[in-house]
$ cat protein_19.csv   # CSV, C-alpha atoms
chain,number,residue,atom,x,y,z
A,85,MET,CA,83.2,101.2,70.8
A,86,SER,CA,82.3,101.1,74.4
A,87,GLU,CA,82.3,98.1,76.8
A,88,THR,CA,79.7,99.8,79.1
A,89,ASN,CA,76.2,98.5,78.2
A,90,ASN,CA,74.3,99.9,81.2
A,91,GLY,CA,73.1,103.2,79.8
A,92,GLY,CA,76.3,105.0,81.0
A,93,THR,CA,76.4,103.3,84.4
A,94,PRO,CA,79.9,101.9,85.2
A,95,ASN,CA,80.2,98.2,85.7
A,96,ALA,CA,79.9,97.3,89.4
A,97,THR,CA,83.1,95.3,89.3
A,98,THR,CA,85.4,96.9,86.7
A,99,GLY,CA,84.1,100.5,86.5
A,100,TYR,CA,84.5,102.3,83.2
A,101,THR,CA,86.7,101.0,80.4
A,102,VAL,CA,89.4,102.9,78.5
A,103,SER,CA,87.2,103.1,75.5
A,104,ASP,CA,84.4,104.6,77.5
A,105,LEU,CA,86.5,107.5,78.8
A,106,VAL,CA,88.4,108.1,75.5
A,107,GLY,CA,85.2,108.2,73.6
A,108,LEU,CA,83.6,110.7,76.1
A,109,ALA,CA,86.8,112.8,76.0
A,110,LEU,CA,86.7,113.0,72.2
A,111,ARG,CA,83.1,114.1,72.3
A,112,GLN,CA,84.0,117.1,74.5
A,113,ILE,CA,86.1,118.4,71.5
A,114,GLY,CA,83.5,117.6,68.9
A,115,ILE,CA,84.8,114.2,67.7
A,116,GLY,CA,82.0,111.7,67.6
A,117,ALA,CA,79.4,114.2,68.6
A,118,MET,CA,75.9,114.6,67.2
A,119,GLY,CA,75.3,110.9,66.9
A,120,THR,CA,78.5,110.0,65.0
A,121,GLN,CA,81.2,107.6,66.1
A,122,PRO,CA,84.9,108.4,66.4
A,123,SER,CA,87.1,106.3,64.0
A,124,ALA,CA,89.3,103.4,65.1
A,125,ALA,CA,92.3,105.7,64.5
A,126,ASP,CA,90.8,108.4,66.8
A,127,LEU,CA,90.3,105.8,69.6
A,128,SER,CA,93.8,104.4,69.0
A,129,ASP,CA,95.3,107.9,69.4
A,130,GLY,CA,93.2,108.4,72.5
A,131,VAL,CA,94.6,105.3,74.1
A,132,MET,CA,98.1,106.4,73.4
A,133,HIS,CA,97.5,109.8,74.9
A,134,LEU,CA,95.9,108.2,78.0
A,135,ASN,CA,98.9,105.9,78.6
A,136,MET,CA,101.4,108.8,78.1
A,137,MET,CA,99.3,111.0,80.4
A,138,LEU,CA,99.2,108.4,83.2
A,139,ALA,CA,103.0,108.0,82.8
A,140,GLN,CA,103.3,111.7,83.5
A,141,TRP,CA,100.9,111.5,86.4
A,142,GLN,CA,103.0,108.8,88.0
A,143,ARG,CA,105.7,111.4,88.7
A,144,ARG,CA,103.4,113.7,90.6
A,145,ARG,CA,102.9,112.5,94.1
A,146,TRP,CA,99.5,114.1,94.5
A,147,LEU,CA,98.1,112.3,91.5
A,148,VAL,CA,99.0,108.8,92.8
A,149,PRO,CA,96.3,107.4,95.1
A,150,ASN,CA,98.3,104.9,96.9
A,151,LEU,CA,101.8,104.5,98.5
A,152,VAL,CA,103.3,101.0,98.9
A,153,ASP,CA,105.9,99.5,101.2
A,154,LYS,CA,108.3,97.4,99.3
A,155,PHE,CA,111.1,95.4,101.0
A,156,CYS,CA,113.9,93.0,100.7
A,157,VAL,CA,116.2,91.2,103.2
A,158,SER,CA,119.7,92.5,103.4
A,159,SER,CA,122.3,90.5,101.5
A,160,GLY,CA,125.4,92.4,102.5
A,161,ALA,CA,125.4,94.2,99.2
A,162,SER,CA,126.0,98.0,98.9
A,163,VAL,CA,123.5,98.4,96.1
A,164,TYR,CA,120.0,97.0,95.7
A,165,ALA,CA,118.0,97.1,92.4
A,166,VAL,CA,114.6,98.7,92.5
A,167,GLY,CA,112.3,97.8,89.6
A,168,PRO,CA,111.3,94.8,87.4
A,169,ASP,CA,112.9,91.6,88.7
A,170,GLY,CA,115.0,93.7,91.1
A,171,ASP,CA,115.7,93.1,94.8
A,172,PHE,CA,112.8,95.4,95.4
A,173,ASP,CA,110.6,93.8,92.7
A,174,MET,CA,107.9,96.1,91.2
A,175,PRO,CA,106.5,96.7,87.6
A,176,VAL,CA,108.4,100.0,87.0
A,177,ARG,CA,111.3,101.7,88.8
A,178,PRO,CA,110.1,104.7,90.9
A,179,ALA,CA,111.5,108.1,90.3
A,180,GLN,CA,111.8,108.7,94.0
A,181,VAL,CA,111.9,106.8,97.3
A,182,LEU,CA,109.7,108.9,99.5
A,183,SER,CA,110.9,107.3,102.8
A,184,ALA,CA,112.9,104.3,104.0
A,185,TYR,CA,113.5,102.3,107.1
A,186,ALA,CA,115.4,99.3,108.3
A,187,ARG,CA,113.9,96.5,110.3
A,188,LEU,CA,116.1,94.5,112.7
A,189,LEU,CA,115.0,90.9,112.0
A,190,ILE,CA,116.4,89.1,115.1
A,191,GLY,CA,113.6,86.9,116.3
A,192,ALA,CA,111.0,88.5,114.0
A,193,GLN,CA,109.0,87.0,111.1
A,194,ALA,CA,109.9,88.3,107.7
A,195,SER,CA,107.3,90.3,105.8
A,196,GLN,CA,105.3,89.0,102.8
A,197,ASP,CA,104.2,90.8,99.7
A,198,GLY,CA,100.5,91.2,98.9
A,199,ASP,CA,99.0,91.6,95.5
A,200,PHE,CA,97.5,94.4,93.5
A,201,SER,CA,94.7,93.3,91.2
A,202,GLY,CA,94.2,95.0,87.8
A,203,VAL,CA,90.5,94.5,87.4
A,204,ASP,CA,88.5,95.8,90.3
A,205,PHE,CA,88.4,98.2,93.2
A,206,SER,CA,88.4,95.8,96.2
A,207,GLY,CA,90.1,97.2,99.2
A,208,SER,CA,92.2,94.0,99.4
A,209,ASP,CA,93.9,95.0,96.1
A,210,PHE,CA,95.8,97.7,97.9
A,211,ASP,CA,96.9,95.3,100.7
A,212,THR,CA,100.7,94.9,101.0
A,213,GLY,CA,100.3,91.7,102.8
A,214,SER,CA,101.8,90.7,106.2
A,215,ASP,CA,103.9,93.5,107.8
A,216,GLY,CA,106.0,91.0,109.7
A,217,LEU,CA,104.6,92.1,113.0
A,218,SER,CA,102.6,88.9,113.8
A,219,THR,CA,105.4,87.2,115.6
A,220,GLY,CA,108.5,88.3,117.4
A,221,ASN,CA,109.2,91.9,118.3
A,222,PRO,CA,110.9,93.7,115.4
A,223,VAL,CA,112.3,97.1,115.8
A,224,ASP,CA,112.2,99.6,112.9
A,225,TYR,CA,114.8,102.4,112.4
A,226,PRO,CA,114.2,105.3,110.0
A,227,LEU,CA,116.8,105.9,107.4
A,228,THR,CA,117.7,109.5,106.5
A,229,ALA,CA,117.9,110.3,102.8
A,230,ILE,CA,121.1,111.4,101.3
A,231,PRO,CA,119.8,114.1,98.9
A,232,SER,CA,122.2,113.8,95.9
A,233,TYR,CA,124.8,111.6,94.3
A,234,GLU,CA,127.4,114.3,95.1
A,235,ASP,CA,126.7,113.9,98.8
A,236,TYR,CA,126.9,110.1,98.5
A,237,ALA,CA,130.2,110.4,96.6
A,238,SER,CA,131.6,112.5,99.4
A,239,LEU,CA,131.3,109.6,102.0
A,240,GLY,CA,134.8,108.7,102.9
A,241,LEU,CA,134.2,105.1,103.9
A,242,LYS,CA,131.4,103.8,101.5
A,243,GLY,CA,132.2,100.1,102.4
A,244,LEU,CA,131.6,100.5,106.1
A,245,LYS,CA,129.4,97.6,107.3
A,246,THR,CA,127.4,98.2,110.5
A,247,TRP,CA,124.1,99.6,111.6
A,248,PRO,CA,122.4,101.4,108.7
A,249,ASN,CA,121.4,105.0,109.2
A,250,TYR,CA,121.2,106.6,105.7
A,251,PHE,CA,120.2,105.8,102.2
A,252,PHE,CA,120.7,107.2,98.7
A,253,TYR,CA,118.4,106.4,95.8
A,254,ASN,CA,119.7,106.8,92.3
A,255,PRO,CA,116.8,106.6,89.8
A,256,THR,CA,118.7,104.8,87.0
A,257,PHE,CA,116.8,103.0,84.3
A,258,PRO,CA,115.4,100.3,84.0
A,259,ASP,CA,116.1,99.6,87.6
A,260,GLY,CA,116.9,102.2,90.2
A,261,GLU,CA,119.7,101.8,92.8
A,262,PHE,CA,119.0,101.8,96.5
A,263,ARG,CA,122.2,102.3,98.5
A,264,PRO,CA,121.9,101.9,102.3
A,265,TRP,CA,124.8,103.3,104.4
A,266,PRO,CA,126.5,102.0,106.4
A,267,ILE,CA,126.0,98.7,104.6
A,268,PRO,CA,123.7,96.4,106.6
A,269,PRO,CA,125.1,92.8,107.3
A,270,ALA,CA,123.5,90.0,105.4
A,271,GLN,CA,120.2,88.4,106.7
A,272,MET,CA,120.1,90.6,109.8
A,273,TRP,CA,118.0,93.5,108.3
A,274,GLU,CA,114.9,93.9,106.2
A,275,LEU,CA,115.1,97.1,104.1
A,276,HIS,CA,111.8,98.9,103.4
A,277,ILE,CA,111.1,101.7,100.9
A,278,ILE,CA,108.0,103.7,100.6
A,279,VAL,CA,107.2,104.5,96.9
A,280,ALA,CA,104.3,105.6,94.8
A,281,GLU,CA,102.1,102.7,93.5
A,282,PRO,CA,102.7,102.4,89.7
A,283,LEU,CA,99.8,103.7,87.7
A,284,PRO,CA,98.7,101.6,84.7
A,285,THR,CA,100.5,102.7,81.5
A,286,THR,CA,100.0,99.8,79.2
A,287,LEU,CA,96.2,100.0,78.8
A,288,LYS,CA,94.2,98.7,75.9
A,289,ALA,CA,90.9,100.1,74.7
A,290,THR,CA,89.0,97.2,76.4
A,291,ASP,CA,90.8,97.4,79.7
A,292,ALA,CA,89.1,98.7,82.9
A,293,ILE,CA,90.4,101.9,84.6
A,294,ASN,CA,91.6,100.4,87.9
A,295,LEU,CA,91.7,103.7,89.7
A,296,PRO,CA,89.4,105.2,92.3
A,297,PRO,CA,86.1,106.7,90.9
A,298,GLU,CA,87.2,110.3,91.3
A,299,TYR,CA,89.8,109.7,88.6
A,300,TRP,CA,87.2,109.0,85.9
A,301,ASP,CA,86.2,112.7,85.6
A,302,ALA,CA,89.8,113.9,85.8
A,303,ILE,CA,90.9,111.4,83.1
A,304,MET,CA,88.1,112.4,80.7
A,305,TRP,CA,88.5,116.2,80.9
A,306,THR,CA,92.3,116.2,81.0
A,307,LEU,CA,92.4,113.8,78.1
A,308,ALA,CA,90.0,116.1,76.1
A,309,GLU,CA,92.3,119.0,76.8
A,310,ARG,CA,95.4,117.1,75.8
A,311,MET,CA,93.9,115.7,72.5
A,312,ALA,CA,92.4,119.0,71.3
A,313,PRO,CA,95.7,120.1,69.4
A,314,SER,CA,95.6,116.9,67.4
A,315,TYR,CA,92.5,118.1,65.8
A,316,GLY,CA,93.7,121.6,65.1
A,317,GLN,CA,92.0,123.3,68.0
A,318,GLU,CA,92.6,124.7,71.4
A,319,ALA,CA,90.7,123.2,74.3
A,320,SER,CA,87.8,125.4,75.3
A,321,ALA,CA,87.8,127.4,78.5
A,322,THR,CA,85.1,125.1,79.8
A,323,VAL,CA,87.1,122.0,79.1
A,324,SER,CA,90.2,123.5,80.7
A,325,ALA,CA,88.3,124.6,83.8
A,326,LYS,CA,86.7,121.2,84.2
A,327,ALA,CA,90.1,119.5,84.0
A,328,ARG,CA,91.6,121.8,86.6
A,329,GLY,CA,88.6,121.3,88.9
A,330,ALA,CA,88.8,117.5,88.6
A,331,LEU,CA,92.5,117.5,89.3
A,332,ALA,CA,92.0,119.7,92.3
A,333,THR,CA,89.6,117.2,93.7
A,334,ILE,CA,92.3,114.4,93.4
A,335,ARG,CA,94.9,116.7,94.9
A,336,SER,CA,92.7,117.4,98.0
A,337,ALA,CA,92.0,113.6,98.4
A,338,ASN,CA,95.6,112.5,98.0
A,339,VAL,CA,97.8,115.2,99.6
A,340,GLN,CA,99.8,114.1,102.6
A,341,ILE,CA,102.2,116.5,104.4
A,342,PRO,CA,104.8,114.7,106.5
A,343,THR,CA,105.7,116.1,109.9
A,344,LEU,CA,108.6,118.6,109.6
A,345,GLY,CA,111.8,117.3,111.2
A,346,MET,CA,114.7,119.5,112.2
A,347,PRO,CA,118.3,118.4,111.8
A,348,ALA,CA,119.9,117.6,115.2
A,349,ILE,CA,122.5,120.4,114.6
A,350,LEU,CA,119.6,122.9,114.7
A,351,ASN,CA,118.1,121.5,117.9
A,352,PRO,CA,119.8,123.3,120.7
A,353,ILE,CA,119.7,120.4,123.2
A,354,SER,CA,120.8,117.9,120.6
A,355,SER,CA,123.6,120.1,119.2
A,356,PRO,CA,127.1,119.2,120.3
A,357,PHE,CA,127.7,123.0,120.7
A,358,TYR,CA,124.9,123.4,123.2
A,359,TRP,CA,125.8,124.8,126.6
A,360,PRO,CA,123.1,125.6,129.1
A,361,GLY,CA,125.0,128.6,130.5
A,362,LEU,CA,124.8,130.1,127.0
A,363,GLU,CA,121.0,130.6,127.4
A,364,ILE,CA,121.5,132.4,130.7
A,365,GLN,CA,124.1,134.7,129.2
A,366,LYS,CA,121.6,135.6,126.4
A,367,LEU,CA,119.1,136.7,129.1

$ encode --input "protein_19.csv" --output "C-alpha cells"
Amino acid sequence: MSETNNGGTPNATTGYTVSDLVGLALRQIGIGAMGTQPSAADLSDGVMHLNMMLAQWQRRRWLVPNLVDKFCVSSGASVYAVGPDGDFDMPVRPAQVLSAYARLLIGAQASQDGDFSGVDFSGSDFDTGSDGLSTGNPVDYPLTAIPSYEDYASLGLKGLKTWPNYFFYNPTFPDGEFRPWPIPPAQMWELHIIVAEPLPTTLKATDAINLPPEYWDAIMWTLAERMAPSYGQEASATVSAKARGALATIRSANVQIPTLGMPAILNPISSPFYWPGLEIQKL
C-alpha cells in the first residue's frame, strides 16, 4: 500500500506519498486498523477525496502556501486569457487575481518564467525566474481592481488605448479573462498578475505530496473527517479537533494582510473638494 519504507519516516526528497496519508487517514476512522489493510477500493476512494479536497483548498487563500507572479507582454488586445495555454499560461485558471501591475518595458529586459517541480521541496521550485530587473530601469505601476462585471460594463469608452490604470478579472472557464483598462499599447507594457499557486489536484496513489511538511498532518486529519460519512459514521470529536488544529497552523503560517489603502476621494488632501480654509472653519 505505502511507498514509504523507512518505518514511518518521510522520504528525504519526496516526503510522504498519497497512499501514506490516505492509509493513515483511513485508520483514524477504523478502516485498516488492528493490523488489517484497507482495500484497493478504499484507497481509490481516498485518492478521489484528496483531489477534491485540494481543489476546494485552492479557493481559500490561507490554505495556499505560495503566491506567484505571472506575466505576459501587451499585444494591444483588450482581453488576455488566464489559464492553460493562455496569454498568462498556468495549469488551471485562478478564481481570483489578488493583485496586478503593469511594467513599462522601454529599455528594460523582459521577465522570464521559472519552474515549479512536482517531486520535491527544493526552494528553487518556487522560483518565478528572472524578474526583469537585471538590466534597464523598468518602472512598475499598480493596477486598481474593478470589482465587478457591472462596474466594468459601465465604462463609457472601453476601447480607450493609453496608459493602463485598472483591471477587471472575469473567472470564466477553462480560461479566465484579464481585461486591463485603458488598453495598453502593444509591446510597450508587461502585464503582471499575482495569483495563488495551483495546488495538485490530479494526484495518484504513488505520487508525492509536494506541499510543505505542515500540510501532511492537515491532509491526514481533514481527509479522515471528510471520509467518515462514506463508512456510515460521523468523525469523532478527536478527529475533528485535530483537523481544526492542523488547519489553524497552516492559517497562521500563510496569512498575509495587505496594507489598507484609502480611495483618493476619502483622502482630504487628494480630494478635488479639499479646501484648506474649510479645516479652519471647522475649528

$ residues_around --input "protein_19.csv" --residues "Asn338 in chain A" --least-positions-apart "3" --cutoff "8 Å" --atoms "all atoms listed in the file" --output "ChimeraX atom specification"
/A:146-149,334-335

$ atom_distance --input "protein_19.csv" --atom1 "CA of Ser324 in chain A" --atom2 "CA of Thr285 in chain A"
23.2 Å

$ closest_residue --input "protein_19.csv" --among "A:Ser103, A:Ser162, A:Thr322, A:Asn135" --to "Trp305 in chain A" --atoms "only C-alpha atoms"
A:Thr322

$ atom_distance --input "protein_19.csv" --atom1 "CA of Lys242 in chain A" --atom2 "CA of Ala270 in chain A"
16.4 Å

$ closest_residue --input "protein_19.csv" --among "A:Ala337, A:Ile277, A:Leu287, A:Val163" --to "Glu261 in chain A" --atoms "all atoms listed in the file"
A:Val163

$ atom_distance --input "protein_19.csv" --atom1 "CA of Ser232 in chain A" --atom2 "CA of Ala186 in chain A"
20.3 Å

$ closest_residue --input "protein_19.csv" --among "A:Val102, A:Ala229, A:Leu239, A:Leu244" --to "Val181 in chain A" --atoms "only C-alpha atoms"
A:Ala229

$ closest_residue --input "protein_19.csv" --among "A:Lys326, A:Lys288, A:Arg263, A:Arg145" --to "Ser158 in chain A" --atoms "all atoms listed in the file"
A:Arg263

$ closest_residue --input "protein_19.csv" --among "A:Ser159, A:Gln112, A:Thr333, A:Gln142" --to "Ala319 in chain A" --atoms "only C-alpha atoms"
A:Gln112

$ decode --input "protein_19.csv" --residues "range 284-328 of chain A" --atoms "N, CA and C atoms" --output "PDB file, in the first residue's frame"
ATOM      1  N   PRO A 284      -1.900  20.678  -6.238  1.00  0.00           N
ATOM      2  CA  PRO A 284      -2.051  19.471  -7.058  1.00  0.00           C
ATOM      3  C   PRO A 284      -3.442  18.867  -6.884  1.00  0.00           C
ATOM      4  N   THR A 285      -4.130  18.613  -7.988  1.00  0.00           N
ATOM      5  CA  THR A 285      -5.484  18.042  -7.917  1.00  0.00           C
ATOM      6  C   THR A 285      -5.665  16.859  -8.865  1.00  0.00           C
ATOM      7  N   THR A 286      -4.567  16.320  -9.354  1.00  0.00           N
ATOM      8  CA  THR A 286      -4.632  15.134 -10.224  1.00  0.00           C
ATOM      9  C   THR A 286      -3.678  14.067  -9.687  1.00  0.00           C
ATOM     10  N   LEU A 287      -3.636  13.929  -8.373  1.00  0.00           N
ATOM     11  CA  LEU A 287      -2.702  13.019  -7.730  1.00  0.00           C
ATOM     12  C   LEU A 287      -3.109  11.562  -7.900  1.00  0.00           C
ATOM     13  N   LYS A 288      -2.108  10.699  -7.977  1.00  0.00           N
ATOM     14  CA  LYS A 288      -2.294   9.247  -7.951  1.00  0.00           C
ATOM     15  C   LYS A 288      -1.775   8.711  -6.623  1.00  0.00           C
ATOM     16  N   ALA A 289      -2.102   7.479  -6.312  1.00  0.00           N
ATOM     17  CA  ALA A 289      -1.736   6.902  -5.016  1.00  0.00           C
ATOM     18  C   ALA A 289      -0.235   6.914  -4.788  1.00  0.00           C
ATOM     19  N   THR A 290       0.548   6.771  -5.845  1.00  0.00           N
ATOM     20  CA  THR A 290       2.002   6.688  -5.700  1.00  0.00           C
ATOM     21  C   THR A 290       2.700   8.041  -5.770  1.00  0.00           C
ATOM     22  N   ASP A 291       1.945   9.106  -5.995  1.00  0.00           N
ATOM     23  CA  ASP A 291       2.557  10.432  -6.123  1.00  0.00           C
ATOM     24  C   ASP A 291       2.999  10.974  -4.771  1.00  0.00           C
ATOM     25  N   ALA A 292       4.021  11.818  -4.811  1.00  0.00           N
ATOM     26  CA  ALA A 292       4.458  12.523  -3.607  1.00  0.00           C
ATOM     27  C   ALA A 292       3.533  13.704  -3.334  1.00  0.00           C
ATOM     28  N   ILE A 293       3.409  14.052  -2.065  1.00  0.00           N
ATOM     29  CA  ILE A 293       2.644  15.247  -1.684  1.00  0.00           C
ATOM     30  C   ILE A 293       3.606  16.426  -1.725  1.00  0.00           C
ATOM     31  N   ASN A 294       3.609  17.174  -2.804  1.00  0.00           N
ATOM     32  CA  ASN A 294       4.550  18.272  -2.977  1.00  0.00           C
ATOM     33  C   ASN A 294       4.009  19.549  -2.331  1.00  0.00           C
ATOM     34  N   LEU A 295       3.933  19.504  -1.012  1.00  0.00           N
ATOM     35  CA  LEU A 295       3.487  20.644  -0.219  1.00  0.00           C
ATOM     36  C   LEU A 295       4.370  20.724   1.020  1.00  0.00           C
ATOM     37  N   PRO A 296       4.459  21.889   1.669  1.00  0.00           N
ATOM     38  CA  PRO A 296       5.295  21.995   2.865  1.00  0.00           C
ATOM     39  C   PRO A 296       4.894  20.972   3.931  1.00  0.00           C
ATOM     40  N   PRO A 297       5.830  20.561   4.777  1.00  0.00           N
ATOM     41  CA  PRO A 297       5.569  19.491   5.738  1.00  0.00           C
ATOM     42  C   PRO A 297       4.385  19.710   6.669  1.00  0.00           C
ATOM     43  N   GLU A 298       4.053  20.969   6.997  1.00  0.00           N
ATOM     44  CA  GLU A 298       2.920  21.191   7.899  1.00  0.00           C
ATOM     45  C   GLU A 298       1.591  20.770   7.277  1.00  0.00           C
ATOM     46  N   TYR A 299       1.589  20.550   5.962  1.00  0.00           N
ATOM     47  CA  TYR A 299       0.367  20.120   5.290  1.00  0.00           C
ATOM     48  C   TYR A 299       0.078  18.626   5.513  1.00  0.00           C
ATOM     49  N   TRP A 300       1.089  17.843   5.834  1.00  0.00           N
ATOM     50  CA  TRP A 300       0.866  16.410   5.993  1.00  0.00           C
ATOM     51  C   TRP A 300      -0.186  16.120   7.062  1.00  0.00           C
ATOM     52  N   ASP A 301      -0.015  16.726   8.216  1.00  0.00           N
ATOM     53  CA  ASP A 301      -0.943  16.497   9.328  1.00  0.00           C
ATOM     54  C   ASP A 301      -2.346  16.997   8.977  1.00  0.00           C
ATOM     55  N   ALA A 302      -2.412  18.182   8.354  1.00  0.00           N
ATOM     56  CA  ALA A 302      -3.714  18.746   7.996  1.00  0.00           C
ATOM     57  C   ALA A 302      -4.435  17.876   6.980  1.00  0.00           C
ATOM     58  N   ILE A 303      -3.697  17.366   5.995  1.00  0.00           N
ATOM     59  CA  ILE A 303      -4.311  16.499   4.988  1.00  0.00           C
ATOM     60  C   ILE A 303      -4.843  15.229   5.629  1.00  0.00           C
ATOM     61  N   MET A 304      -4.049  14.609   6.487  1.00  0.00           N
ATOM     62  CA  MET A 304      -4.441  13.338   7.086  1.00  0.00           C
ATOM     63  C   MET A 304      -5.696  13.474   7.934  1.00  0.00           C
ATOM     64  N   TRP A 305      -5.725  14.445   8.867  1.00  0.00           N
ATOM     65  CA  TRP A 305      -6.871  14.574   9.765  1.00  0.00           C
ATOM     66  C   TRP A 305      -8.110  15.081   9.029  1.00  0.00           C
ATOM     67  N   THR A 306      -7.935  16.039   8.130  1.00  0.00           N
ATOM     68  CA  THR A 306      -9.081  16.565   7.394  1.00  0.00           C
ATOM     69  C   THR A 306      -9.653  15.506   6.464  1.00  0.00           C
ATOM     70  N   LEU A 307      -8.784  14.700   5.861  1.00  0.00           N
ATOM     71  CA  LEU A 307      -9.241  13.625   4.991  1.00  0.00           C
ATOM     72  C   LEU A 307     -10.014  12.579   5.792  1.00  0.00           C
ATOM     73  N   ALA A 308      -9.545  12.269   7.003  1.00  0.00           N
ATOM     74  CA  ALA A 308     -10.271  11.325   7.858  1.00  0.00           C
ATOM     75  C   ALA A 308     -11.669  11.856   8.182  1.00  0.00           C
ATOM     76  N   GLU A 309     -11.758  13.130   8.511  1.00  0.00           N
ATOM     77  CA  GLU A 309     -13.052  13.739   8.821  1.00  0.00           C
ATOM     78  C   GLU A 309     -13.963  13.726   7.595  1.00  0.00           C
ATOM     79  N   ARG A 310     -13.392  13.955   6.433  1.00  0.00           N
ATOM     80  CA  ARG A 310     -14.177  14.012   5.201  1.00  0.00           C
ATOM     81  C   ARG A 310     -14.694  12.636   4.782  1.00  0.00           C
ATOM     82  N   MET A 311     -13.885  11.583   5.003  1.00  0.00           N
ATOM     83  CA  MET A 311     -14.254  10.254   4.527  1.00  0.00           C
ATOM     84  C   MET A 311     -15.164   9.487   5.481  1.00  0.00           C
ATOM     85  N   ALA A 312     -15.250   9.923   6.727  1.00  0.00           N
ATOM     86  CA  ALA A 312     -16.037   9.178   7.719  1.00  0.00           C
ATOM     87  C   ALA A 312     -17.473   8.891   7.264  1.00  0.00           C
ATOM     88  N   PRO A 313     -18.220   9.853   6.687  1.00  0.00           N
ATOM     89  CA  PRO A 313     -19.601   9.550   6.268  1.00  0.00           C
ATOM     90  C   PRO A 313     -19.691   8.434   5.223  1.00  0.00           C
ATOM     91  N   SER A 314     -18.625   8.199   4.445  1.00  0.00           N
ATOM     92  CA  SER A 314     -18.649   7.125   3.454  1.00  0.00           C
ATOM     93  C   SER A 314     -18.731   5.751   4.107  1.00  0.00           C
ATOM     94  N   TYR A 315     -18.385   5.694   5.394  1.00  0.00           N
ATOM     95  CA  TYR A 315     -18.412   4.424   6.121  1.00  0.00           C
ATOM     96  C   TYR A 315     -19.505   4.417   7.184  1.00  0.00           C
ATOM     97  N   GLY A 316     -20.514   5.271   6.990  1.00  0.00           N
ATOM     98  CA  GLY A 316     -21.675   5.278   7.868  1.00  0.00           C
ATOM     99  C   GLY A 316     -21.406   5.777   9.262  1.00  0.00           C
ATOM    100  N   GLN A 317     -20.460   6.679   9.413  1.00  0.00           N
ATOM    101  CA  GLN A 317     -20.145   7.195  10.736  1.00  0.00           C
ATOM    102  C   GLN A 317     -19.859   8.691  10.679  1.00  0.00           C
ATOM    103  N   GLU A 318     -19.949   9.318  11.836  1.00  0.00           N
ATOM    104  CA  GLU A 318     -19.546  10.700  11.974  1.00  0.00           C
ATOM    105  C   GLU A 318     -18.120  10.723  12.512  1.00  0.00           C
ATOM    106  N   ALA A 319     -17.337  11.674  12.044  1.00  0.00           N
ATOM    107  CA  ALA A 319     -15.974  11.800  12.552  1.00  0.00           C
ATOM    108  C   ALA A 319     -16.021  12.069  14.049  1.00  0.00           C
ATOM    109  N   SER A 320     -15.131  11.442  14.803  1.00  0.00           N
ATOM    110  CA  SER A 320     -15.107  11.635  16.251  1.00  0.00           C
ATOM    111  C   SER A 320     -14.696  13.064  16.593  1.00  0.00           C
ATOM    112  N   ALA A 321     -14.996  13.455  17.823  1.00  0.00           N
ATOM    113  CA  ALA A 321     -14.624  14.798  18.275  1.00  0.00           C
ATOM    114  C   ALA A 321     -13.109  14.984  18.222  1.00  0.00           C
ATOM    115  N   THR A 322     -12.369  13.909  18.505  1.00  0.00           N
ATOM    116  CA  THR A 322     -10.906  13.992  18.463  1.00  0.00           C
ATOM    117  C   THR A 322     -10.414  14.263  17.045  1.00  0.00           C
ATOM    118  N   VAL A 323     -10.960  13.534  16.068  1.00  0.00           N
ATOM    119  CA  VAL A 323     -10.561  13.729  14.674  1.00  0.00           C
ATOM    120  C   VAL A 323     -10.873  15.157  14.225  1.00  0.00           C
ATOM    121  N   SER A 324     -12.077  15.636  14.542  1.00  0.00           N
ATOM    122  CA  SER A 324     -12.465  16.994  14.136  1.00  0.00           C
ATOM    123  C   SER A 324     -11.579  18.049  14.788  1.00  0.00           C
ATOM    124  N   ALA A 325     -11.257  17.846  16.071  1.00  0.00           N
ATOM    125  CA  ALA A 325     -10.407  18.813  16.770  1.00  0.00           C
ATOM    126  C   ALA A 325      -8.996  18.826  16.185  1.00  0.00           C
ATOM    127  N   LYS A 326      -8.476  17.631  15.870  1.00  0.00           N
ATOM    128  CA  LYS A 326      -7.142  17.556  15.264  1.00  0.00           C
ATOM    129  C   LYS A 326      -7.122  18.234  13.900  1.00  0.00           C
ATOM    130  N   ALA A 327      -8.200  18.053  13.119  1.00  0.00           N
ATOM    131  CA  ALA A 327      -8.277  18.684  11.802  1.00  0.00           C
ATOM    132  C   ALA A 327      -8.297  20.200  11.932  1.00  0.00           C
ATOM    133  N   ARG A 328      -9.097  20.723  12.862  1.00  0.00           N
ATOM    134  CA  ARG A 328      -9.166  22.181  13.057  1.00  0.00           C
ATOM    135  C   ARG A 328      -7.817  22.733  13.500  1.00  0.00           C
TER     136      ARG A 328
END
